[in-house]
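*Asks:* This structure is in structure tokens; I'll ask about it shortly.
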Amino acid sequence: MTGFLVDEQAVQAHRVAVGERAARLDGAAAAATHPLPPNAYGVICGFFAAVVGDVTASCRDSVSVLAAATADHGARLGECLTAYRAAEDDAAAGFAGPGVAGAADTEIVGTAAAGGGGTSSVAGGTAWASVWGAGG
């Protein structure tokens with residue numbers, strides 16, 4: 001109805017998959033909260049524990065940001081699907097015809113410049129009024 005076609009089941013499945021990935025990333029970030037003990041690399045290489053700890057914290061922060069962005073992407077996919085459904089419903093209501101539940105019965109006045117001049121009652125008239133030049 002709106003001029004483009006969306007496979008709603010595919011979008012919904014993708015939204016679910018993205019949500020699952022976000023949860024896995026969030027779990028990975030939570031698992032990286034365990035610091036290395038100072039003796040993790042033995043006595044001679046003990047200084048590596050501090051260096052690795054800093055890098056681990058940076059990576060954990062990056063994964064947390066990625067998890068949040070992925071969760072936000074999943075939520076926006078849901079919003080997109082809701083908006084698409086609403087646009088389809090609105091477009092379908094415009095084709096329902098006068099007197100049909102959901103139709104917007106509006107009187108349209110055509111202008112001579114637009115090749116019209118008469119008055120008609122059509123569904124979705126507000127859209128046609130802008131095309132024909134309402135006001136007459």
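By convention here, the chains of the structure tokens are called A, B, ... in the order presented, each chain's residues are numbered starting at 1, and ligands are numbered starting at 1 in the order presented.
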Give me the residues near region 18-23 of chain A as a PDB file with N, CA and C atoms, in the first residue's frame, where near means some atom within 12 Å (using only C-alpha atoms) and where sequence neighbours in that chain fewer than 4 positions away do not count.
*Replies:*
ATOM      1  N   VAL A  11      11.978  -9.056   9.485  1.00  0.00           N
ATOM      2  CA  VAL A  11      12.398  -7.960  10.365  1.00  0.00           C
ATOM      3  C   VAL A  11      12.247  -8.383  11.825  1.00  0.00           C
ATOM      4  N   GLN A  12      11.143  -9.030  12.148  1.00  0.00           N
ATOM      5  CA  GLN A  12      10.918  -9.489  13.520  1.00  0.00           C
ATOM      6  C   GLN A  12      11.981 -10.517  13.924  1.00  0.00           C
ATOM      7  N   ALA A  13      12.293 -11.456  13.036  1.00  0.00           N
ATOM      8  CA  ALA A  13      13.319 -12.459  13.338  1.00  0.00           C
ATOM      9  C   ALA A  13      14.681 -11.799  13.518  1.00  0.00           C
ATOM     10  N   HIS A  14      14.972 -10.799  12.696  1.00  0.00           N
ATOM     11  CA  HIS A  14      16.243 -10.078  12.824  1.00  0.00           C
ATOM     12  C   HIS A  14      16.297  -9.313  14.143  1.00  0.00           C
ATOM     13  N   GLY A  27      26.732 -10.150  28.469  1.00  0.00           N
ATOM     14  CA  GLY A  27      27.298 -11.207  29.310  1.00  0.00           C
ATOM     15  C   GLY A  27      28.810 -11.266  29.205  1.00  0.00           C
ATOM     16  N   ALA A  28      29.335 -11.051  28.006  1.00  0.00           N
ATOM     17  CA  ALA A  28      30.790 -11.045  27.822  1.00  0.00           C
ATOM     18  C   ALA A  28      31.428  -9.889  28.582  1.00  0.00           C
ATOM     19  N   ALA A  29      30.795  -8.733  28.553  1.00  0.00           N
ATOM     20  CA  ALA A  29      31.324  -7.583  29.287  1.00  0.00           C
ATOM     21  C   ALA A  29      31.295  -7.844  30.789  1.00  0.00           C
ATOM     22  N   ALA A  30      30.232  -8.470  31.260  1.00  0.00           N
ATOM     23  CA  ALA A  30      30.134  -8.777  32.694  1.00  0.00           C
ATOM     24  C   ALA A  30      31.180  -9.805  33.109  1.00  0.00           C
ATOM     25  N   VAL A  63      33.190  -3.379  24.837  1.00  0.00           N
ATOM     26  CA  VAL A  63      32.165  -4.400  24.638  1.00  0.00           C
ATOM     27  C   VAL A  63      30.849  -3.952  25.274  1.00  0.00           C
ATOM     28  N   SER A  64      30.921  -3.261  26.394  1.00  0.00           N
ATOM     29  CA  SER A  64      29.695  -2.741  27.028  1.00  0.00           C
ATOM     30  C   SER A  64      29.004  -1.712  26.139  1.00  0.00           C
ATOM     31  N   VAL A  65      29.799  -0.838  25.538  1.00  0.00           N
ATOM     32  CA  VAL A  65      29.241   0.158  24.613  1.00  0.00           C
ATOM     33  C   VAL A  65      28.629  -0.538  23.399  1.00  0.00           C
ATOM     34  N   LEU A  66      29.317  -1.549  22.884  1.00  0.00           N
ATOM     35  CA  LEU A  66      28.798  -2.300  21.753  1.00  0.00           C
ATOM     36  C   LEU A  66      27.504  -3.030  22.115  1.00  0.00           C
ATOM     37  N   ALA A  67      27.443  -3.588  23.312  1.00  0.00           N
ATOM     38  CA  ALA A  67      26.222  -4.277  23.758  1.00  0.00           C
ATOM     39  C   ALA A  67      25.047  -3.300  23.837  1.00  0.00           C
ATOM     40  N   ALA A  68      25.304  -2.108  24.385  1.00  0.00           N
ATOM     41  CA  ALA A  68      24.244  -1.104  24.489  1.00  0.00           C
ATOM     42  C   ALA A  68      23.780  -0.645  23.109  1.00  0.00           C
ATOM     43  N   ALA A  69      24.733  -0.442  22.189  1.00  0.00           N
ATOM     44  CA  ALA A  69      24.378  -0.018  20.834  1.00  0.00           C
ATOM     45  C   ALA A  69      23.592  -1.108  20.108  1.00  0.00           C
ATOM     46  N   THR A  70      23.967  -2.351  20.335  1.00  0.00           N
ATOM     47  CA  THR A  70      23.262  -3.464  19.704  1.00  0.00           C
ATOM     48  C   THR A  70      21.844  -3.580  20.250  1.00  0.00           C
ATOM     49  N   ALA A  71      21.690  -3.429  21.556  1.00  0.00           N
ATOM     50  CA  ALA A  71      20.351  -3.462  22.157  1.00  0.00           C
ATOM     51  C   ALA A  71      19.495  -2.318  21.623  1.00  0.00           C
ATOM     52  N   ASP A  72      20.096  -1.139  21.472  1.00  0.00           N
ATOM     53  CA  ASP A  72      19.375   0.008  20.930  1.00  0.00           C
ATOM     54  C   ASP A  72      18.962  -0.259  19.485  1.00  0.00           C
ATOM     55  N   HIS A  73      19.843  -0.884  18.723  1.00  0.00           N
ATOM     56  CA  HIS A  73      19.514  -1.232  17.333  1.00  0.00           C
ATOM     57  C   HIS A  73      18.309  -2.181  17.291  1.00  0.00           C
ATOM     58  N   GLY A  74      18.294  -3.175  18.169  1.00  0.00           N
ATOM     59  CA  GLY A  74      17.162  -4.101  18.228  1.00  0.00           C
ATOM     60  C   GLY A  74      15.862  -3.387  18.568  1.00  0.00           C
ATOM     61  N   ALA A  75      15.948  -2.458  19.526  1.00  0.00           N
ATOM     62  CA  ALA A  75      14.752  -1.695  19.900  1.00  0.00           C
ATOM     63  C   ALA A  75      14.262  -0.839  18.731  1.00  0.00           C
ATOM     64  N   ARG A  76      15.184  -0.250  17.998  1.00  0.00           N
ATOM     65  CA  ARG A  76      14.805   0.587  16.853  1.00  0.00           C
ATOM     66  C   ARG A  76      14.235  -0.239  15.701  1.00  0.00           C
ATOM     67  N   LEU A  77      14.692  -1.474  15.573  1.00  0.00           N
ATOM     68  CA  LEU A  77      14.069  -2.359  14.578  1.00  0.00           C
ATOM     69  C   LEU A  77      12.601  -2.592  14.929  1.00  0.00           C
ATOM     70  N   GLY A  78      12.320  -2.768  16.218  1.00  0.00           N
ATOM     71  CA  GLY A  78      10.931  -2.926  16.655  1.00  0.00           C
ATOM     72  C   GLY A  78      10.111  -1.677  16.379  1.00  0.00           C
TER      73      GLY A  78
END
*Asks:* Counting only C-alpha atoms, figure out which residue out of A:Arg85, A:Cys80, A:Asn39, A:Asp26 gets nearest to Ser62 (chain A).
*Replies:*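 Distance minimum relative to Ser62 (chain A) lands on A:Asp26.
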*Asks:* Can you tell me how far CA of Ser58 (chain A) sits from CA of Cys45 (chain A), in Å to one decimal?
*Replies:*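 Result for CA of Ser58 (chain A) versus CA of Cys45 (chain A): 21.1 Å, one decimal.
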*Asks:* Quote the spacing between CA of Asp61 (chain A) and CA of Ile44 (chain A) in Å to one decimal place.
*Replies:*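 Between CA of Asp61 (chain A) and CA of Ile44 (chain A) the gap works out to 29.1 Å.
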*Asks:* Quick one: pull the distance between CA of Arg24 (chain A) and CA of Pro37 (chain A), Å, one decimal.
*Replies:*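 Result for CA of Arg24 (chain A) versus CA of Pro37 (chain A): 25.7 Å, one decimal.
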*Asks:* Neighbouring residues of Gly53 (chain A) were defined as those with any atom within 9 Å, considering only C-alpha atoms; residues of the same chain fewer than 5 positions away were excluded. Please report them as an MDAnalysis selection string.
*Replies:* chainID A and resid 35:36 48 58
*Asks:* Based on DSSP run over this structure's backbone, return all residues of region 32-112 of chain A in helix (DSSP H, G or I), as a ChimeraX atom specification.
*Replies:* /A:47-94
